[in-house]
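Trainee: As input, take protein-v7.cif (mmCIF, C-alpha atoms):
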```cif
data_start
loop_
_atom_site.label_atom_id
_atom_site.label_comp_id
_atom_site.auth_asym_id
_atom_site.auth_seq_id
_atom_site.Cartn_x
_atom_site.Cartn_y
_atom_site.Cartn_z
CA PRO A 11 -80.03 -36.44 13.71
CA SER A 12 -83.52 -34.97 13.57
CA VAL A 13 -83.83 -31.37 14.63
CA PHE A 14 -87.05 -29.47 15.28
CA LEU A 15 -86.99 -25.80 14.36
CA GLU A 16 -89.35 -23.14 15.67
CA PHE A 17 -90.28 -20.07 13.66
CA SER A 18 -92.41 -17.08 14.59
CA THR A 19 -93.64 -16.71 10.98
CA TRP A 20 -94.18 -19.05 8.05
CA PRO A 21 -92.36 -19.28 5.78
CA PRO A 22 -89.38 -18.43 7.96
CA PRO A 23 -87.52 -15.14 7.46
CA GLY A 24 -84.56 -15.38 5.11
CA THR A 25 -86.08 -17.97 2.80
CA THR A 26 -85.78 -17.42 -0.94
CA PRO A 27 -88.55 -18.63 -3.25
CA MET A 28 -87.48 -21.22 -5.81
CA HIS A 29 -89.25 -21.57 -9.15
CA PHE A 30 -88.96 -24.52 -11.49
CA PHE A 31 -90.14 -24.77 -15.07
CA CYS A 32 -91.07 -27.75 -17.22
CA ARG A 33 -88.68 -28.34 -20.07
CA GLY A 34 -90.18 -30.52 -22.72
CA VAL A 35 -90.13 -34.25 -22.81
CA GLN A 36 -87.33 -36.47 -21.48
CA ASN A 37 -86.30 -39.90 -22.74
CA GLY A 38 -88.79 -39.70 -25.62
CA SER A 39 -91.74 -40.15 -23.25
CA CYS A 40 -94.76 -37.88 -23.51
CA ARG A 41 -95.40 -38.26 -19.73
CA LEU A 42 -91.91 -37.59 -18.31
CA GLY A 43 -90.50 -34.06 -18.13
CA THR A 44 -87.57 -32.19 -16.64
CA LEU A 45 -87.77 -29.38 -14.07
CA ILE A 46 -85.23 -26.60 -14.49
CA ALA A 47 -84.57 -23.39 -12.54
CA GLU A 48 -84.53 -21.09 -15.58
CA ALA A 49 -87.51 -20.55 -17.87
CA PRO A 50 -86.73 -22.41 -21.12
CA PRO A 51 -87.07 -20.84 -24.56
CA GLN A 52 -90.64 -21.10 -25.88
CA ASP A 53 -89.71 -23.83 -28.39
CA GLU A 54 -88.32 -26.05 -25.59
CA CYS A 55 -91.36 -25.90 -23.29
CA GLY A 56 -93.13 -28.82 -24.92
CA SER A 57 -96.15 -30.50 -23.44
CA LEU A 58 -96.79 -33.67 -21.52
CA ARG A 59 -99.82 -35.89 -21.96
CA TYR A 60 -101.50 -38.93 -20.55
CA VAL A 61 -104.63 -40.97 -21.16
CA TYR A 62 -106.81 -41.72 -18.15
CA ASP A 63 -108.85 -44.93 -18.06
CA PRO A 64 -111.78 -44.72 -15.60
CA TRP A 65 -111.86 -48.54 -15.54
CA ASP A 66 -108.29 -48.55 -14.17
CA PRO A 67 -108.24 -45.60 -11.75
CA THR A 68 -104.92 -44.28 -10.51
CA PRO A 69 -104.35 -45.78 -7.05
CA TYR A 70 -103.28 -43.81 -4.01
CA ALA A 71 -100.09 -44.85 -2.19
CA GLY A 72 -100.62 -42.64 0.86
CA GLY A 73 -98.19 -40.55 2.82
CA GLY A 74 -99.28 -36.97 2.12
CA TRP A 75 -102.21 -34.68 2.82
CA LEU A 76 -104.66 -37.45 1.95
CA ASN A 77 -102.99 -39.72 4.51
CA LEU A 78 -105.57 -39.50 7.28
CA ARG A 79 -103.56 -41.78 9.58
CA LYS A 80 -100.54 -39.46 9.24
CA ASP A 81 -98.13 -42.40 9.14
CA GLY A 82 -95.35 -40.62 7.23
CA PRO A 83 -94.05 -40.59 3.66
CA LYS A 84 -94.87 -43.49 1.37
CA LYS A 85 -93.05 -44.92 -1.63
CA GLN A 86 -94.45 -43.52 -4.89
CA ARG A 87 -92.51 -45.43 -7.59
CA SER A 88 -95.33 -47.87 -8.35
CA ILE A 89 -97.59 -44.86 -9.01
CA GLU A 90 -94.95 -42.97 -11.02
CA GLN A 91 -94.52 -45.93 -13.39
CA ARG A 92 -98.14 -45.79 -14.51
CA SER A 93 -98.90 -44.46 -17.98
CA ASP A 94 -101.61 -42.14 -16.58
CA VAL A 95 -99.22 -40.21 -14.29
CA LEU A 96 -97.01 -37.30 -15.35
CA VAL A 97 -93.59 -37.12 -13.64
CA LEU A 98 -91.37 -34.02 -13.64
CA THR A 99 -87.83 -34.50 -12.30
CA SER A 100 -85.15 -31.95 -11.42
CA ALA A 101 -81.40 -32.51 -11.38
CA ALA A 102 -79.96 -34.03 -8.21
CA VAL A 103 -78.83 -31.52 -5.58
CA GLU A 104 -75.08 -30.92 -5.53
CA SER A 105 -74.90 -29.61 -1.95
CA PRO A 106 -77.22 -29.78 1.07
CA LEU A 107 -80.44 -27.86 0.41
CA ASP A 108 -83.15 -26.88 2.87
CA ILE A 109 -86.65 -26.74 1.43
CA VAL A 110 -88.86 -24.73 3.78
CA GLY A 111 -92.19 -23.14 2.95
CA ILE A 112 -95.33 -23.56 0.90
CA VAL A 113 -95.11 -25.65 -2.28
CA LYS A 114 -97.31 -24.54 -5.18
CA ALA A 115 -97.83 -25.87 -8.70
CA ARG A 116 -98.94 -23.72 -11.64
CA LEU A 117 -100.01 -25.88 -14.57
CA PHE A 118 -101.48 -25.08 -17.95
CA MET A 119 -103.81 -27.94 -18.80
CA SER A 120 -106.37 -28.95 -21.35
CA CYS A 121 -108.67 -31.94 -21.11
CA SER A 122 -111.20 -33.75 -23.26
CA ALA A 123 -113.35 -34.49 -20.19
CA LYS A 124 -115.56 -31.91 -18.50
CA GLU A 125 -113.60 -32.25 -15.27
CA CYS A 126 -110.72 -34.16 -13.76
CA ASP A 127 -108.92 -34.49 -10.46
CA VAL A 128 -105.35 -33.20 -10.39
CA VAL A 129 -102.96 -34.49 -7.74
CA ALA A 130 -99.74 -32.50 -7.37
CA ARG A 131 -97.04 -34.07 -5.24
CA LEU A 132 -93.49 -33.10 -4.23
CA CYS A 133 -91.29 -36.16 -3.82
CA VAL A 134 -87.66 -36.72 -2.97
CA VAL A 135 -85.80 -39.52 -4.73
CA ARG A 136 -83.18 -41.30 -2.68
CA ALA A 137 -80.43 -42.99 -4.65
CA PRO A 138 -80.39 -46.76 -4.28
CA ARG A 139 -77.67 -48.50 -2.29
CA TRP A 140 -77.71 -51.27 -4.88
CA ILE A 141 -79.56 -51.81 -8.15
CA ASP A 142 -82.40 -54.32 -7.94
CA GLN A 143 -85.05 -55.61 -10.36
CA LEU A 144 -87.38 -52.65 -9.69
CA ASP A 145 -84.56 -50.20 -10.48
CA LEU A 146 -83.99 -51.95 -13.81
CA GLN A 147 -87.71 -51.61 -14.57
CA LEU A 148 -87.53 -47.92 -13.66
CA ARG A 149 -84.71 -47.36 -16.17
CA VAL A 150 -86.77 -49.05 -18.88
CA SER A 151 -89.73 -46.75 -18.10
CA GLY A 152 -87.46 -43.65 -18.19
CA LEU A 153 -87.27 -43.00 -14.43
CA GLU A 154 -84.03 -42.83 -12.47
CA PRO A 155 -83.48 -45.65 -9.97
CA GLY A 156 -84.13 -45.10 -6.28
CA ILE A 157 -86.91 -44.70 -3.76
CA SER A 158 -89.36 -41.85 -4.36
CA LEU A 159 -90.98 -40.58 -1.15
CA ASP A 160 -93.67 -37.91 -1.02
CA LEU A 161 -93.05 -34.80 1.07
CA CYS A 162 -96.38 -33.03 0.47
CA GLU A 163 -99.34 -33.27 -1.87
CA SER A 164 -102.77 -31.93 -2.65
CA ILE A 165 -105.69 -32.69 -4.92
CA VAL A 166 -108.03 -30.33 -6.77
CA ARG A 167 -110.97 -30.97 -9.06
CA VAL A 168 -110.72 -28.91 -12.22
CA GLY A 169 -113.58 -28.11 -14.58
CA PHE A 170 -112.90 -27.69 -18.30
CA ARG A 171 -114.85 -26.41 -21.29
CA PRO A 172 -114.27 -29.03 -24.00
CA GLN A 173 -114.50 -27.57 -27.50
CA GLN A 174 -116.79 -28.78 -30.26
CA SER A 175 -114.92 -30.53 -33.04
CA GLU A 176 -115.32 -28.69 -36.35
CA LYS A 177 -115.31 -31.91 -38.40
CA THR A 178 -117.63 -33.88 -36.11
CA PRO A 179 -119.75 -31.45 -34.01
CA GLU A 180 -121.26 -34.33 -32.00
CA LYS A 181 -117.81 -35.05 -30.49
CA LEU A 182 -115.94 -32.96 -27.98
CA SER A 183 -112.22 -32.27 -28.34
CA ALA A 184 -109.76 -31.11 -25.71
CA SER A 185 -110.45 -27.79 -24.02
CA ALA A 186 -108.28 -24.75 -24.59
CA PRO A 187 -105.35 -24.70 -22.11
CA GLU A 188 -106.34 -23.29 -18.73
CA LEU A 189 -104.25 -22.21 -15.76
CA VAL A 190 -104.59 -24.60 -12.81
CA GLU A 191 -103.02 -23.58 -9.50
CA VAL A 192 -102.53 -26.18 -6.79
CA ASP A 193 -101.49 -25.29 -3.24
CA VAL A 194 -99.47 -28.47 -2.62
CA GLY A 195 -98.83 -27.64 1.03
CA PRO A 196 -96.10 -26.81 3.51
CA THR A 197 -92.84 -28.69 3.78
CA CYS A 198 -89.60 -28.48 5.73
CA CYS A 199 -86.87 -30.87 4.62
CA ARG A 200 -83.10 -30.98 4.18
CA LEU A 201 -81.92 -32.68 1.00
CA HIS A 202 -78.43 -34.16 0.76
CA PRO A 203 -76.47 -34.99 -2.42
#
```
Take the structure from the file and write it as structure tokens.
Mentor:
Amino acid sequence: PSVFLEFSTWPPPGTTPMHFFCRGVQNGSCRLGTLIAEAPPQDECGSLRYVYDPWDPTPYAGGGWLNLRKDGPKKQRSIEQRSDVLVLTSAAVESPLDIVGIVKARLFMSCSAKECDVVARLCVVRAPRWIDQLDLQLRVSGLEPGISLDLCESIVRVGFRPQQSEKTPEKLSASAPELVEVDVGPTCCRLHP
């Protein structure tokens, strides 16, 4: 049953911040990573990468902050399967877990363009009741089967300083890594195993 909770402050008293760290590449993909609760050794941090094609812009599935109609969470799997989207996944919860508070993302990024839009999204993946054709496609692309629903999201435009290539000064290469902080937004959700 749905329960509405009232708090005099936000985040509520008694909450404990949770931090997750990116641990390298999973399933041999340069766009899929794992989120872990402990900071990994430096040699296991790795990096993720994608190539953005302005002629095939990343679509928006709706459901989060950008959802002006406020019609609830939307399925994100079709977006997560794209080659221009990075996906970081944590282990499944082993016991009920309440997520209450402000979600933030701290990313170190470099880019060959002068600017780009960064969308950070917190999703929950619900295990499938049965395996269907889409779930088989997900396994092939390296994603676990199930429905991915967004809980909160935000978008920021980030400016970069691409570096001049030493070999070909007329071309720009990727910028030096820069810290990008995204305030993804508030959430209040109970996750079940």
Trainee: Show me as an MDAnalysis selection string the residues that reach within 9 Å of (-89.0, -27.5, -11.0), counting all atoms listed in the file and using the file's own coordinates.
Mentor: chainID A and resid 28:32 44:47 98:100
Trainee: Report as CSV: every residue of range 47-145 of chain A with an atom at most 6 Å from range 157-163 of chain A, its closest pair of atoms, and their distance in Å to one decimal, counting only C-alpha atoms, with rows sorted by chain and ascending residue number.
Mentor:
```
residue,atom,partner,partner_atom,distance
A:Gly74,CA,A:Cys162,CA,5.2
A:Trp75,CA,A:Glu163,CA,5.7
A:Pro83,CA,A:Asp160,CA,5.4
A:Lys84,CA,A:Leu159,CA,5.5
A:Lys85,CA,A:Leu159,CA,4.8
A:Gln86,CA,A:Ser158,CA,5.4
A:Arg87,CA,A:Ser158,CA,5.8
A:Ala130,CA,A:Glu163,CA,5.6
A:Arg131,CA,A:Glu163,CA,4.2
A:Leu132,CA,A:Cys162,CA,5.5
A:Cys133,CA,A:Asp160,CA,4.1
A:Val134,CA,A:Leu159,CA,5.4
A:Val135,CA,A:Ser158,CA,4.3
A:Arg136,CA,A:Ile157,CA,5.2
```
Trainee: Taking into account all atoms listed in the file, which residue in the set A:Trp20, A:Phe170, A:Tyr60, A:Trp65 is nearest to Arg92 in chain A?
Mentor: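 Among the listed residues, the smallest separation from Arg92 in chain A belongs to A:Tyr60.
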Trainee: Applying the PyMOL selection byres ((chain A and resi 59) around 8) to the file I just gave you, which residues come out? Please list them as a list in words.
Mentor: Cys40, Arg41, Ser57, Leu58, Tyr60, Val61 and Leu96 of chain A
Trainee: Check the smallest atom-to-atom distance from each of A:Gly82, A:Glu125, A:Tyr62, A:Ala115 to Asp94 in chain A using only C-alpha atoms, then report the winner.
Mentor: A:Tyr62
Trainee: As a list in words, please: the residues near Ala137 in chain A (cut-off 10 Å, all atoms listed in the file, same-chain neighbours under 3 positions excluded).
Mentor: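 With the cut-off at 10 Å, the set is Ala102, Val134, Trp140, Ile141, Glu154, Pro155, Gly156, Ile157, Ser158 and Pro203 of chain A.
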Trainee: Any chance you could export the current selection's C-alpha atoms as a JSON list (two decimals), in the coordinates of the input?
Mentor:
```json
[["chain", "number", "residue", "atom", "x", "y", "z"],
["A", 102, "ALA", "CA", -79.96, -34.03, -8.21],
["A", 134, "VAL", "CA", -87.66, -36.72, -2.97],
["A", 140, "TRP", "CA", -77.71, -51.27, -4.88],
["A", 141, "ILE", "CA", -79.56, -51.81, -8.15],
["A", 154, "GLU", "CA", -84.03, -42.83, -12.47],
["A", 155, "PRO", "CA", -83.48, -45.65, -9.97],
["A", 156, "GLY", "CA", -84.13, -45.10, -6.28],
["A", 157, "ILE", "CA", -86.91, -44.70, -3.76],
["A", 158, "SER", "CA", -89.36, -41.85, -4.36],
["A", 203, "PRO", "CA", -76.47, -34.99, -2.42]]
```
Trainee: Dump as a list in words all residues having an atom at most 8 Å from (-98.0, -19.7, -6.9), computed in the file's coordinates with all atoms listed in the file.
Mentor: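 Residues found, by chain and rising number: Lys114, Ala115, Arg116, Glu191, Val192 and Asp193 of chain A.
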Trainee: Write out the residues from the selection above, keeping C-alpha atoms, as a PDB file, in the coordinates of the input.
Mentor:
```pdb
ATOM      1  CA  LYS A 114     -97.310 -24.540  -5.180  1.00  0.00           C
ATOM      2  CA  ALA A 115     -97.830 -25.870  -8.700  1.00  0.00           C
ATOM      3  CA  ARG A 116     -98.940 -23.720 -11.640  1.00  0.00           C
ATOM      4  CA  GLU A 191    -103.020 -23.580  -9.500  1.00  0.00           C
ATOM      5  CA  VAL A 192    -102.530 -26.180  -6.790  1.00  0.00           C
ATOM      6  CA  ASP A 193    -101.490 -25.290  -3.240  1.00  0.00           C
TER       7      ASP A 193
END
```
Trainee: Please determine, counting all atoms listed in the file, which residue among A:Cys198, A:Tyr70, A:Val95, A:Val166 has the shortest atom-to-atom distance to Pro21 in chain A.
Mentor: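 Among A:Cys198, A:Tyr70, A:Val95, A:Val166, it is A:Cys198 that comes nearest to Pro21 in chain A.
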Trainee: Write out as a ChimeraX atom specification which residues come within 12 Å of range 13-16 of chain A when counting all atoms listed in the file, dropping same-chain ones fewer than 6 positions away.
Mentor: /A:22-23,110,198-200
Trainee: For C-alpha atoms, I'd like the residues from the last selection saved as a PDB file, in the coordinates of the input.
Mentor:
```pdb
ATOM      1  CA  PRO A  22     -89.380 -18.430   7.960  1.00  0.00           C
ATOM      2  CA  PRO A  23     -87.520 -15.140   7.460  1.00  0.00           C
ATOM      3  CA  VAL A 110     -88.860 -24.730   3.780  1.00  0.00           C
ATOM      4  CA  CYS A 198     -89.600 -28.480   5.730  1.00  0.00           C
ATOM      5  CA  CYS A 199     -86.870 -30.870   4.620  1.00  0.00           C
ATOM      6  CA  ARG A 200     -83.100 -30.980   4.180  1.00  0.00           C
TER       7      ARG A 200
END
```
Trainee: Quick one, how far is CA of Ile109 in chain A from CA of Thr19 in chain A?
Mentor: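 Computed distance, CA of Ile109 in chain A to CA of Thr19 in chain A, equals 15.5 Å.
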Trainee: Pull out every residue that the PyMOL selection byres ((chain A and resi 103) around 8) matches in the shown coordinates and put them as a PDB file with C-alpha atoms, in the frame of the given file.
Mentor:
```pdb
ATOM      1  CA  ALA A 101     -81.400 -32.510 -11.380  1.00  0.00           C
ATOM      2  CA  ALA A 102     -79.960 -34.030  -8.210  1.00  0.00           C
ATOM      3  CA  GLU A 104     -75.080 -30.920  -5.530  1.00  0.00           C
ATOM      4  CA  SER A 105     -74.900 -29.610  -1.950  1.00  0.00           C
ATOM      5  CA  PRO A 106     -77.220 -29.780   1.070  1.00  0.00           C
ATOM      6  CA  LEU A 107     -80.440 -27.860   0.410  1.00  0.00           C
ATOM      7  CA  LEU A 201     -81.920 -32.680   1.000  1.00  0.00           C
ATOM      8  CA  HIS A 202     -78.430 -34.160   0.760  1.00  0.00           C
ATOM      9  CA  PRO A 203     -76.470 -34.990  -2.420  1.00  0.00           C
TER      10      PRO A 203
END
```
Trainee: Rank nothing, just name the residue among A:Asp108, A:Pro187, A:Asp63, A:Asp127 nearest to Thr25 in chain A, using all atoms listed in the file.
Mentor: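 Among the listed residues, the smallest separation from Thr25 in chain A belongs to A:Asp108.
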Trainee: Got a sec to resolve the PyMOL selection byres ((chain A and resi 165) around 6) on this structure and send the residues as a PyMOL selection string?
Mentor: chain A and resi 128-129+164+166
Trainee: When distances are computed from only C-alpha atoms, which of A:Cys55, A:Cys126, A:Ile89, A:Val97 shows the smallest separation from Ala71 in chain A?
Mentor: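 Closest candidate: A:Ile89.
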Trainee: Out of A:Gln91, A:Ser185, A:Phe17, A:Arg33, which residue has the shortest atom-to-atom distance to Pro50 in chain A when counting only C-alpha atoms?
Mentor: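 Distance minimum relative to Pro50 in chain A lands on A:Arg33.
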Trainee: Could you please determine the separation between CA of Pro51 in chain A and CA of Ser122 in chain A in Å, to one decimal place?
Mentor: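 Distance reported for this atom pair: 27.4 Å.
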Trainee: Can you work out the spacing between CA of Phe118 in chain A and CA of Glu54 in chain A in Å, to one decimal?
Mentor: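 Separation between CA of Phe118 in chain A and CA of Glu54 in chain A: 15.2 Å.
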